[in-house]
$ cat target-v3.cif   # mmCIF, C-alpha atoms
data_coords
loop_
_atom_site.label_atom_id
_atom_site.label_comp_id
_atom_site.auth_asym_id
_atom_site.auth_seq_id
_atom_site.Cartn_x
_atom_site.Cartn_y
_atom_site.Cartn_z
CA MET L 4 -3.59 -18.41 39.24
CA ALA L 5 -3.51 -16.40 36.01
CA GLU L 6 -0.37 -16.48 33.92
CA PRO L 7 1.70 -13.26 33.95
CA ARG L 8 1.31 -10.97 30.98
CA PRO L 9 4.18 -10.78 28.48
CA THR L 10 6.82 -8.31 29.54
CA THR L 11 8.66 -7.61 26.28
CA LEU L 12 7.38 -5.56 23.37
CA ARG L 13 7.86 -8.44 20.93
CA GLN L 14 5.78 -10.77 23.11
CA ARG L 15 3.09 -8.13 23.54
CA LEU L 16 2.84 -7.53 19.79
CA ALA L 17 2.74 -11.27 19.14
CA GLU L 18 -0.13 -11.55 21.63
CA LEU L 19 -2.05 -8.80 19.84
CA ARG L 20 -1.43 -10.30 16.40
CA GLY L 21 -2.08 -13.86 17.51
CA PRO L 22 0.63 -16.18 18.85
CA ASP L 23 0.35 -18.52 15.83
CA VAL L 24 0.20 -15.78 13.19
CA ALA L 25 3.33 -14.75 11.32
CA PRO L 26 3.87 -10.96 11.28
CA HIS L 27 2.89 -9.13 8.11
CA PRO L 28 6.00 -7.31 6.82
CA LEU L 29 6.11 -3.51 7.06
CA ASP L 30 7.43 -2.16 3.77
CA ALA L 31 8.63 1.28 2.69
CA ARG L 32 5.31 2.12 1.03
CA ALA L 33 3.46 1.50 4.31
CA LEU L 34 6.08 3.48 6.24
CA ALA L 35 5.73 6.43 3.87
CA ALA L 36 1.96 6.36 4.36
CA LEU L 37 2.41 6.07 8.13
CA ALA L 38 4.77 9.04 8.13
CA ALA L 39 2.17 11.06 6.24
CA ASN L 40 -0.28 10.52 9.13
CA PRO L 41 1.83 10.23 12.30
CA GLY L 42 -1.11 10.96 14.59
CA CYS L 43 -2.85 7.68 13.75
CA GLY L 44 -2.17 5.34 16.66
CA ARG L 45 -4.33 2.66 15.04
CA ARG L 46 -2.13 2.29 11.99
CA ALA L 47 1.08 2.59 14.02
CA LEU L 48 0.03 -0.24 16.35
CA LEU L 49 -1.33 -2.56 13.65
CA ASP L 50 1.70 -2.06 11.41
CA GLY L 51 4.07 -2.47 14.35
CA ALA L 52 2.34 -5.69 15.42
CA GLY L 53 2.47 -7.02 11.86
CA VAL L 54 -1.31 -7.38 11.50
CA ASP L 55 -2.50 -8.02 7.94
CA LYS L 56 -4.71 -4.94 7.50
CA THR L 57 -6.14 -6.17 4.18
CA ALA L 58 -7.48 -9.33 5.82
CA LEU L 59 -8.56 -7.35 8.89
CA ALA L 60 -10.54 -4.88 6.76
CA ALA L 61 -12.29 -7.78 5.02
CA ALA L 62 -13.15 -9.36 8.38
CA LEU L 63 -14.61 -6.03 9.53
CA GLY L 64 -16.83 -5.91 6.45
CA SER L 65 -15.05 -2.91 4.90
CA PRO L 66 -12.57 -4.34 2.38
CA ALA L 67 -10.32 -1.88 0.58
CA PRO L 68 -11.20 -1.96 -3.15
CA PHE L 69 -7.72 -1.13 -4.34
CA GLY L 70 -4.43 -2.86 -4.97
CA GLN L 71 -2.16 -3.87 -7.82
CA SER L 72 -3.69 -6.13 -10.45
CA GLN L 73 -2.09 -9.49 -11.20
CA PHE L 74 -1.27 -8.29 -14.71
CA ALA L 75 0.47 -5.16 -13.41
CA PHE L 76 2.34 -7.25 -10.83
CA MET L 77 3.61 -9.67 -13.48
CA ARG L 78 4.52 -6.81 -15.84
CA GLY L 79 6.46 -5.08 -13.06
CA ASN L 80 8.38 -8.24 -12.20
CA ALA L 81 9.22 -8.87 -15.85
CA PHE L 82 10.47 -5.30 -16.29
CA GLU L 83 12.59 -5.47 -13.12
CA ALA L 84 14.11 -8.76 -14.27
CA ARG L 85 15.03 -7.16 -17.60
CA VAL L 86 16.67 -4.18 -15.89
CA LYS L 87 18.75 -6.45 -13.65
CA ALA L 88 19.63 -9.04 -16.31
CA ASP L 89 23.26 -9.92 -17.11
CA GLY L 90 24.53 -8.84 -13.72
CA GLY L 91 22.73 -5.52 -13.93
CA THR L 92 24.62 -4.36 -17.03
CA GLU L 93 21.83 -2.07 -18.29
CA LEU L 94 21.09 -0.78 -14.80
CA MET L 95 24.74 0.10 -14.19
CA ARG L 96 24.96 1.78 -17.59
CA LEU L 97 21.96 3.98 -16.79
CA LEU L 98 23.31 4.82 -13.34
CA HIS L 99 26.75 5.78 -14.64
CA GLU L 100 25.17 7.85 -17.40
CA ARG L 101 22.95 9.80 -14.96
CA MET L 102 24.96 9.81 -11.71
CA GLY L 103 28.47 8.51 -12.36
CA ALA L 104 30.29 11.67 -13.38
CA GLY L 105 33.96 11.47 -12.42
CA SER L 106 33.95 7.70 -11.92
CA PRO L 107 35.18 5.04 -14.36
CA ALA L 108 32.41 3.33 -16.32
CA PRO L 109 31.39 -0.06 -14.89
CA VAL L 110 32.74 -2.92 -17.01
CA PRO L 111 30.16 -5.63 -17.77
CA GLY L 112 31.03 -8.78 -15.89
CA GLU L 113 33.30 -6.97 -13.42
CA VAL L 114 30.62 -5.38 -11.24
CA ARG L 115 30.53 -7.10 -7.87
CA VAL L 116 27.11 -8.63 -7.04
CA PRO L 117 27.41 -10.15 -3.56
CA ASP L 118 25.17 -12.93 -2.30
CA LEU L 119 22.89 -11.47 0.37
CA SER L 120 21.07 -14.64 1.39
CA ALA L 121 20.85 -15.41 5.11
CA ALA L 122 18.42 -16.90 7.62
CA GLY L 123 15.61 -14.62 8.76
CA PRO L 124 15.27 -10.85 8.42
CA GLU L 125 17.84 -10.13 11.13
CA GLY L 126 20.37 -12.33 9.34
CA ARG L 127 19.67 -10.75 5.95
CA ALA L 128 19.96 -7.23 7.39
CA ALA L 129 23.29 -8.14 9.01
CA ARG L 130 24.52 -9.71 5.76
CA THR L 131 23.53 -6.56 3.85
CA ALA L 132 25.42 -4.36 6.31
CA LEU L 133 28.50 -6.57 5.94
CA ALA L 134 28.27 -6.48 2.12
CA LEU L 135 28.00 -2.68 2.15
CA ARG L 136 31.03 -2.42 4.43
CA GLU L 137 33.06 -4.77 2.22
CA ALA L 138 31.96 -2.97 -0.96
CA THR L 139 32.95 0.42 0.45
CA GLY L 140 36.36 -0.95 1.41
CA ALA L 141 36.84 -2.47 -2.04
CA ALA L 142 35.80 0.78 -3.72
CA ALA L 143 38.33 2.75 -1.70
CA GLY L 144 41.11 0.36 -2.66
CA ALA L 145 40.45 -0.38 -6.32
CA GLY L 146 37.64 1.84 -7.56
CA ALA L 147 35.20 -1.05 -7.85
CA TRP L 148 31.47 -0.90 -8.48
CA THR L 149 29.11 -3.06 -6.41
CA LEU L 150 25.45 -3.84 -7.04
CA LEU L 151 23.34 -5.10 -4.15
CA VAL L 152 20.13 -6.70 -5.44
CA HIS L 153 17.22 -6.62 -2.97
CA PRO L 154 19.27 -5.82 0.14
CA LEU L 155 17.45 -5.78 3.47
CA LEU L 156 17.69 -2.72 5.71
CA ALA L 157 16.49 -2.28 9.29
CA LEU L 158 14.83 0.88 10.57
CA GLU L 159 13.34 1.41 14.01
CA VAL L 160 9.82 2.84 13.86
CA ALA L 161 8.10 3.89 17.10
CA GLY L 162 10.25 1.48 19.09
CA SER L 163 9.69 -1.51 16.78
CA PRO L 164 12.07 -2.71 14.02
CA ALA L 165 10.93 -2.60 10.40
CA TYR L 166 12.77 -4.45 7.63
CA LEU L 167 12.84 -2.74 4.23
CA GLU L 168 13.84 -4.14 0.86
CA PRO L 169 14.79 -1.64 -1.87
CA ASP L 170 15.07 -2.88 -5.43
CA ALA L 171 18.80 -2.24 -5.45
CA VAL L 172 21.62 -0.25 -3.87
CA VAL L 173 24.77 0.64 -5.80
CA VAL L 174 28.12 1.39 -4.18
CA HIS L 175 30.13 3.82 -6.35
CA PRO L 176 33.92 3.76 -6.66
CA ASP L 177 34.06 6.95 -4.55
CA GLY L 178 32.17 5.30 -1.66
CA ARG L 179 28.72 6.76 -2.39
CA TRP L 180 25.66 4.59 -1.85
CA THR L 181 22.74 5.15 -4.22
CA VAL L 182 19.22 3.75 -3.89
CA VAL L 183 17.67 2.45 -7.12
CA GLU L 184 13.88 2.35 -7.51
CA ILE L 185 12.47 0.32 -10.41
CA LYS L 186 8.86 1.11 -11.32
CA SER L 187 6.64 -0.16 -14.12
CA PHE L 188 4.87 3.14 -14.90
CA PRO L 189 6.21 4.73 -18.10
CA MET L 190 8.33 7.79 -18.74
CA ILE L 191 6.89 9.42 -21.84
CA ASP L 192 9.19 11.96 -23.48
CA SER L 193 11.44 11.70 -20.40
CA SER L 194 8.57 12.66 -18.08
CA ALA L 195 6.42 10.48 -15.81
CA ASP L 196 3.17 11.03 -13.93
CA ALA L 197 3.95 13.51 -11.15
CA SER L 198 1.84 11.75 -8.51
CA LYS L 199 3.51 8.41 -9.19
CA VAL L 200 6.97 9.96 -9.12
CA GLY L 201 6.08 11.65 -5.81
CA ALA L 202 4.96 8.35 -4.31
CA ALA L 203 8.18 6.69 -5.50
CA ALA L 204 10.23 9.54 -4.00
CA ARG L 205 8.54 9.17 -0.60
CA GLN L 206 9.16 5.45 -0.68
CA ALA L 207 12.79 5.90 -1.69
CA ALA L 208 13.27 8.46 1.10
CA VAL L 209 12.47 5.72 3.63
CA TYR L 210 15.20 3.56 2.10
CA VAL L 211 17.65 6.47 2.28
CA LEU L 212 16.90 6.93 6.00
CA ALA L 213 17.46 3.23 6.67
CA LEU L 214 20.65 3.21 4.61
CA GLU L 215 22.00 6.18 6.58
CA ARG L 216 21.78 4.11 9.78
CA VAL L 217 24.19 1.62 8.23
CA ALA L 218 26.46 4.29 6.72
CA ASP L 219 26.96 5.86 10.17
CA ARG L 220 28.94 2.74 11.12
CA VAL L 221 31.01 2.44 7.93
CA THR L 222 34.13 4.55 7.42
CA GLY L 223 34.17 6.43 4.12
CA ALA L 224 30.52 5.74 3.27
CA ARG L 225 27.97 8.40 2.42
CA VAL L 226 24.41 8.03 1.21
CA ASP L 227 23.33 9.92 -1.89
CA HIS L 228 20.19 12.02 -1.32
CA SER L 229 19.30 11.60 -4.98
CA VAL L 230 17.95 8.24 -6.14
CA LEU L 231 17.85 6.63 -9.57
CA LEU L 232 14.30 6.02 -10.79
CA VAL L 233 14.16 3.43 -13.58
CA CYS L 234 10.99 3.11 -15.68
CA PRO L 235 9.93 1.84 -19.12
CA ARG L 236 10.64 4.32 -21.91
CA ASP L 237 7.52 5.62 -23.66
CA PHE L 238 5.27 2.62 -24.43
CA SER L 239 8.05 0.03 -24.73
CA ASN L 240 9.62 -2.32 -22.23
CA LEU L 241 13.04 -0.69 -22.66
CA PRO L 242 14.39 0.95 -19.49
CA THR L 243 15.18 4.61 -19.07
CA ALA L 244 16.05 6.52 -15.91
CA SER L 245 15.94 9.87 -14.20
CA VAL L 246 17.51 11.27 -11.04
CA VAL L 247 15.09 12.23 -8.26
CA ASP L 248 16.19 14.46 -5.39
CA VAL L 249 14.55 13.12 -2.21
CA ARG L 250 16.03 15.53 0.35
CA LYS L 251 12.67 17.15 1.06
CA GLN L 252 10.85 13.80 1.34
CA ARG L 253 13.64 12.46 3.55
CA SER L 254 13.42 15.40 5.96
CA VAL L 255 9.63 15.24 6.18
CA THR L 256 9.61 11.47 6.65
CA ARG L 257 12.29 11.57 9.33
CA ARG L 258 10.44 14.30 11.23
CA GLN L 259 7.10 12.50 10.99
CA LEU L 260 8.51 9.12 12.04
CA THR L 261 10.12 10.80 15.04
CA ARG L 262 6.72 12.17 16.07
CA LEU L 263 5.12 8.73 16.18
CA THR L 264 4.02 7.62 19.62
CA ARG L 265 5.99 4.58 20.70
CA ILE L 266 4.08 1.39 20.03
CA GLU L 267 4.53 0.12 23.59
CA ASP L 268 2.82 3.27 24.89
CA ILE L 269 -0.16 2.69 22.59
CA ALA L 270 -0.35 -0.99 23.52
CA ALA L 271 -0.33 -0.10 27.22
CA THR L 272 -3.62 1.80 26.84
CA LEU L 273 -5.55 -1.14 25.37
CA PRO L 274 -8.19 -2.96 27.40
CA GLU L 275 -7.26 -6.32 28.88
CA GLY L 276 -7.66 -9.16 26.39
CA THR L 277 -7.56 -7.02 23.25
CA SER L 278 -6.58 -9.13 20.25
CA PHE L 279 -6.43 -8.76 16.46
CA ASP L 280 -6.14 -12.51 15.89
CA LEU L 281 -8.10 -13.07 12.68
CA GLU L 282 -8.27 -16.80 13.23
CA ARG L 283 -9.73 -16.77 16.73
CA CYS L 284 -11.69 -13.51 17.07
CA SER L 285 -15.21 -12.93 15.79
CA PRO L 286 -16.00 -9.87 13.62
CA ALA L 287 -17.58 -8.20 16.66
CA GLU L 288 -14.47 -8.80 18.76
CA LEU L 289 -12.22 -7.51 15.98
CA THR L 290 -14.38 -4.40 15.61
CA ALA L 291 -14.15 -3.71 19.35
CA ALA L 292 -10.38 -4.24 19.26
CA VAL L 293 -9.89 -1.87 16.32
CA ASP L 294 -12.15 0.78 17.83
CA SER L 295 -10.18 0.66 21.09
CA VAL L 296 -7.21 2.27 19.32
CA THR L 297 -7.39 5.95 18.46
CA ALA L 298 -7.39 6.72 14.73
CA ALA L 299 -6.72 9.93 12.81
CA TYR L 300 -8.86 9.50 9.73
CA ALA L 301 -8.66 11.86 6.76
CA PRO L 302 -9.96 11.39 3.19
CA GLU L 303 -6.33 11.01 2.03
CA CYS L 304 -6.23 7.69 3.90
CA LEU L 305 -8.48 6.15 1.23
CA ALA L 306 -5.52 5.96 -1.16
CA ALA L 307 -2.99 4.69 1.36
CA CYS L 308 -4.52 2.56 4.12
CA GLU L 309 -6.41 -0.72 3.93
CA LEU L 310 -8.55 0.20 6.94
CA ALA L 311 -9.57 3.59 5.56
CA PHE L 312 -13.10 2.54 4.59
CA HIS L 313 -13.77 1.18 8.07
CA CYS L 314 -12.42 4.38 9.64
CA ARG L 315 -14.43 6.53 7.24
CA GLY L 316 -17.63 4.71 8.20
CA ARG L 317 -16.90 5.22 11.88
CA ALA L 318 -16.08 8.92 11.35
CA ARG L 319 -19.29 9.47 9.40
CA SER L 320 -21.47 7.64 11.94
CA ALA L 321 -19.97 9.77 14.71
CA GLY L 322 -20.46 12.96 12.68
CA ALA L 323 -16.74 13.72 12.99
CA VAL L 324 -15.53 16.70 10.98
CA GLU L 325 -12.37 14.73 10.08
CA ALA L 326 -14.47 13.03 7.40
CA LEU L 327 -14.58 16.37 5.57
CA GLY L 328 -10.80 16.68 5.32
CA ARG L 329 -7.83 17.98 7.33
CA GLY L 330 -8.28 21.50 6.02
CA VAL L 331 -11.87 21.69 7.25
CA ARG L 332 -10.89 20.11 10.55
CA GLY L 333 -8.20 22.73 11.08
CA GLU L 334 -10.55 25.60 10.33
CA LEU L 335 -13.19 24.44 12.83
CA GLY L 336 -10.98 24.53 15.92
CA GLY L 337 -12.71 23.03 18.96
CA LEU L 338 -15.86 22.04 17.05
CA THR L 339 -15.26 18.34 16.42
CA THR L 340 -18.64 17.16 15.12
CA VAL L 341 -20.85 18.21 12.24
CA GLY L 342 -23.75 18.55 14.71
CA ALA L 343 -21.81 21.02 16.82
CA VAL L 344 -20.87 23.02 13.73
CA LEU L 345 -24.49 23.26 12.57
CA ALA L 346 -25.67 24.15 16.06
CA ALA L 347 -23.12 26.95 16.30
CA ALA L 348 -24.16 28.26 12.90
CA ARG L 349 -27.80 28.33 14.01
CA GLY L 350 -26.89 30.49 16.99
CA GLU L 351 -27.26 27.75 19.59
CA THR L 352 -24.87 27.43 22.51
CA VAL L 353 -22.37 24.59 22.07
CA PRO L 354 -21.15 23.00 25.34
CA GLY L 355 -17.47 23.69 25.91
CA THR L 356 -17.33 26.48 23.31
CA ALA L 357 -17.83 30.18 24.09
CA ASP L 358 -20.20 32.28 21.99
CA ASP L 359 -17.37 34.69 21.19
CA ASP L 360 -15.10 31.93 19.92
CA PRO L 361 -13.70 33.11 16.54
CA THR L 362 -14.87 29.91 14.83
CA VAL L 363 -18.40 30.30 16.20
CA VAL L 364 -18.52 33.95 15.19
CA ALA L 365 -17.35 33.09 11.67
CA LEU L 366 -19.94 30.31 11.31
CA ARG L 367 -22.78 32.56 12.43
CA ARG L 368 -21.64 35.29 10.08
CA ALA L 369 -21.55 32.77 7.22
CA ALA L 370 -25.03 31.51 8.12
CA ALA L 371 -26.37 35.07 8.16
CA LEU L 372 -24.83 35.81 4.75
CA ARG L 373 -26.33 32.62 3.34
CA ALA L 374 -29.79 33.50 4.68
CA GLU L 375 -29.46 37.01 3.24
CA ALA L 376 -28.44 35.62 -0.13
CA LEU L 377 -31.38 33.22 -0.20
CA GLU L 378 -33.82 36.05 0.59
CA SER L 379 -32.64 37.94 -2.48
CA VAL L 380 -33.15 34.99 -4.82
CA PRO L 381 -36.45 34.77 -6.77
CA GLU L 382 -38.94 32.48 -5.07
CA GLY L 383 -38.85 29.81 -7.77
CA ALA L 384 -35.07 29.47 -7.58
CA VAL L 385 -34.76 29.06 -3.81
CA ALA L 386 -35.19 25.31 -3.94
CA VAL L 387 -32.42 25.07 -6.52
CA CYS L 388 -30.04 27.17 -4.40
CA ARG L 389 -30.70 25.01 -1.38
#
$ encode --input "target-v3.cif" --output "C-alpha cells"
Amino acid sequence: MAEPRPTTLRQRLAELRGPDVAPHPLDARALAALAANPGCGRRALLDGAGVDKTALAAALGSPAPFGQSQFAFMRGNAFEARVKADGGTELMRLLHERMGAGSPAPVPGEVRVPDLSAAGPEGRAARTALALREATGAAAGAGAWTLLVHPLLALEVAGSPAYLEPDAVVVHPDGRWTVVEIKSFPMIDSSADASKVGAAARQAAVYVLALERVADRVTGARVDHSVLLVCPRDFSNLPTASVVDVRKQRSVTRRQLTRLTRIEDIAATLPEGTSFDLERCSPAELTAAVDSVTAAYAPECLAACELAFHCRGRARSAGAVEALGRGVRGELGGLTTVGAVLAAARGETVPGTADDDPTVVALRRAAALRAEALESVPEGAVAVCR
C-alpha cells in the first residue's frame, strides 16, 4: 500500500525540493524581483520551496551568466565592516546627521548593540523581535539609541515564511525604526547610479514591510518609510550616506506580493511525482518538472532571475510573444504567438480571433502600409529596406 502524501505545506515543499536538501534562503533581493513579476508561478514555487535556482539552471543547461564577482563580494564585506566598526560609531554619526533631527547625538560607546544570536531562523527572528521591543522600551524611558546588526525578520510570502536579513536597523530615541542599507557602489559628488539606487530602494522596501509586521505588536514603535543608504564616497573607501524615500516601492511591493498565488495552490496543480531534487533527478526529469509550472517570462527577467535563460529559450521555441517584451504582449491582445501575429497581418484567419478584432485590424493596416512603402522605394533599395 502506497504511503500517504504529505499533508502540510512544509512537508510538500520539502518533497519538491528533495527531503535531504536544505532550503535555499529567500532574500530581499529575490523577493523584490518576485514582486516585480507576481504572475510567475514558477519563480513563486521554486523560491517558496527553497530550490537553488542557480544550480537548477546549470542542471537544465541554461546557466545564468551573471552574479557578483569574488572581488566585489570581498570589497563589499570590507566596506560594511568599516562602516560598522567600533560599535557602529561612523554609521550612527551618519544616521544622526541625515535623519536624527530633534534627537540627542549618539555617544560613542553608549549605543546599545544587542546580541541577536539564536538557534535557527525562527529563533533568530524571535530574538530580533524581542530586541526591538526592548530597545523601543529603553528609548521611551531614557532616550537611548540601539543598533541591531544583521537582524532577522520574517515575512509571509504566498503562504510560506521568508526570513530576511537587512544590514542594520536603528532604533531612535523617539521610538522610530530605520532600515540601513550598506552598498559598495560609490556616491560620486553625492550622487549614485540611479538604477543601483532603485534596486537598493526596492530591496529596502521589503525590509520595511517585514519590520512593520513586528512594529504592529510593539507599543510606541513606528517604522520610518525613508531608509539610510550608505555607500563609499567618490572613489575612496570612506562612507557617506543619503536618505532614500521608499514609500512608492513599499506600496508597489506590498500590492504585488498580495497578488501572488498561494504556493500551496500552485503545488496542488503539479503532476504526481514532480520533484526538483538536483541530486536524484536527471536533467530530463528536472526539465519536465520545471515546465510543469506556469511561467511569466519577460526580457526583464534576464537581470533578475537565474532561470531566465531557460524560460527565454522555451518562450522562443514556442514562438511566444512574451519574448518580445511586456509592452508588445499587451498590445497584441489575444494573439499569443508570433505565428498568429504574422498570420493575422497576412490577412489569414486566426482560430479564436475574429477578423474585426482591433488588434487584427491594426496589424493588417500596418502590413498594408509597409507593402505600400516598399512599393515606393527604388528597386535596388528594396532588399536593404527588408
$ closest_residue --input "target-v3.cif" --among "L:Pro26, L:Pro124, L:Pro242, L:Pro176" --to "Gly91 of chain L" --atoms "all atoms listed in the file"
L:Pro242
$ resolve_selection --input "target-v3.cif" --expression "the PyMOL selection byres ((chain L and resi 180-183) around 7)" --output "PDB file with C-alpha atoms, keeping the file's coordinate frame"
ATOM      1  CA  ASP L 170      15.070  -2.880  -5.430  1.00  0.00           C
ATOM      2  CA  ALA L 171      18.800  -2.240  -5.450  1.00  0.00           C
ATOM      3  CA  VAL L 172      21.620  -0.250  -3.870  1.00  0.00           C
ATOM      4  CA  VAL L 173      24.770   0.640  -5.800  1.00  0.00           C
ATOM      5  CA  VAL L 174      28.120   1.390  -4.180  1.00  0.00           C
ATOM      6  CA  HIS L 175      30.130   3.820  -6.350  1.00  0.00           C
ATOM      7  CA  GLY L 178      32.170   5.300  -1.660  1.00  0.00           C
ATOM      8  CA  ARG L 179      28.720   6.760  -2.390  1.00  0.00           C
ATOM      9  CA  GLU L 184      13.880   2.350  -7.510  1.00  0.00           C
ATOM     10  CA  ILE L 185      12.470   0.320 -10.410  1.00  0.00           C
ATOM     11  CA  VAL L 211      17.650   6.470   2.280  1.00  0.00           C
ATOM     12  CA  ARG L 225      27.970   8.400   2.420  1.00  0.00           C
ATOM     13  CA  VAL L 226      24.410   8.030   1.210  1.00  0.00           C
ATOM     14  CA  ASP L 227      23.330   9.920  -1.890  1.00  0.00           C
ATOM     15  CA  VAL L 230      17.950   8.240  -6.140  1.00  0.00           C
ATOM     16  CA  LEU L 231      17.850   6.630  -9.570  1.00  0.00           C
ATOM     17  CA  LEU L 232      14.300   6.020 -10.790  1.00  0.00           C
TER      18      LEU L 232
END
$ residues_around --input "target-v3.cif" --residues "Arg130 of chain L" --least-positions-apart "3" --cutoff "12 Å" --atoms "all atoms listed in the file" --output "PyMOL selection string"
chain L and resi 117-127+133-137+151+153-157+217
$ atom_distance --input "target-v3.cif" --atom1 "atom CA of Ala17 of chain L" --atom2 "atom CA of Pro164 of chain L"
13.7 Å
$ residues_around --input "target-v3.cif" --residues "Leu34 of chain L" --least-positions-apart "5" --cutoff "9 Å" --atoms "only C-alpha atoms" --output "JSON, numbers by chain"
{"L": [29, 39, 50, 160, 165, 206, 209, 256, 260]}
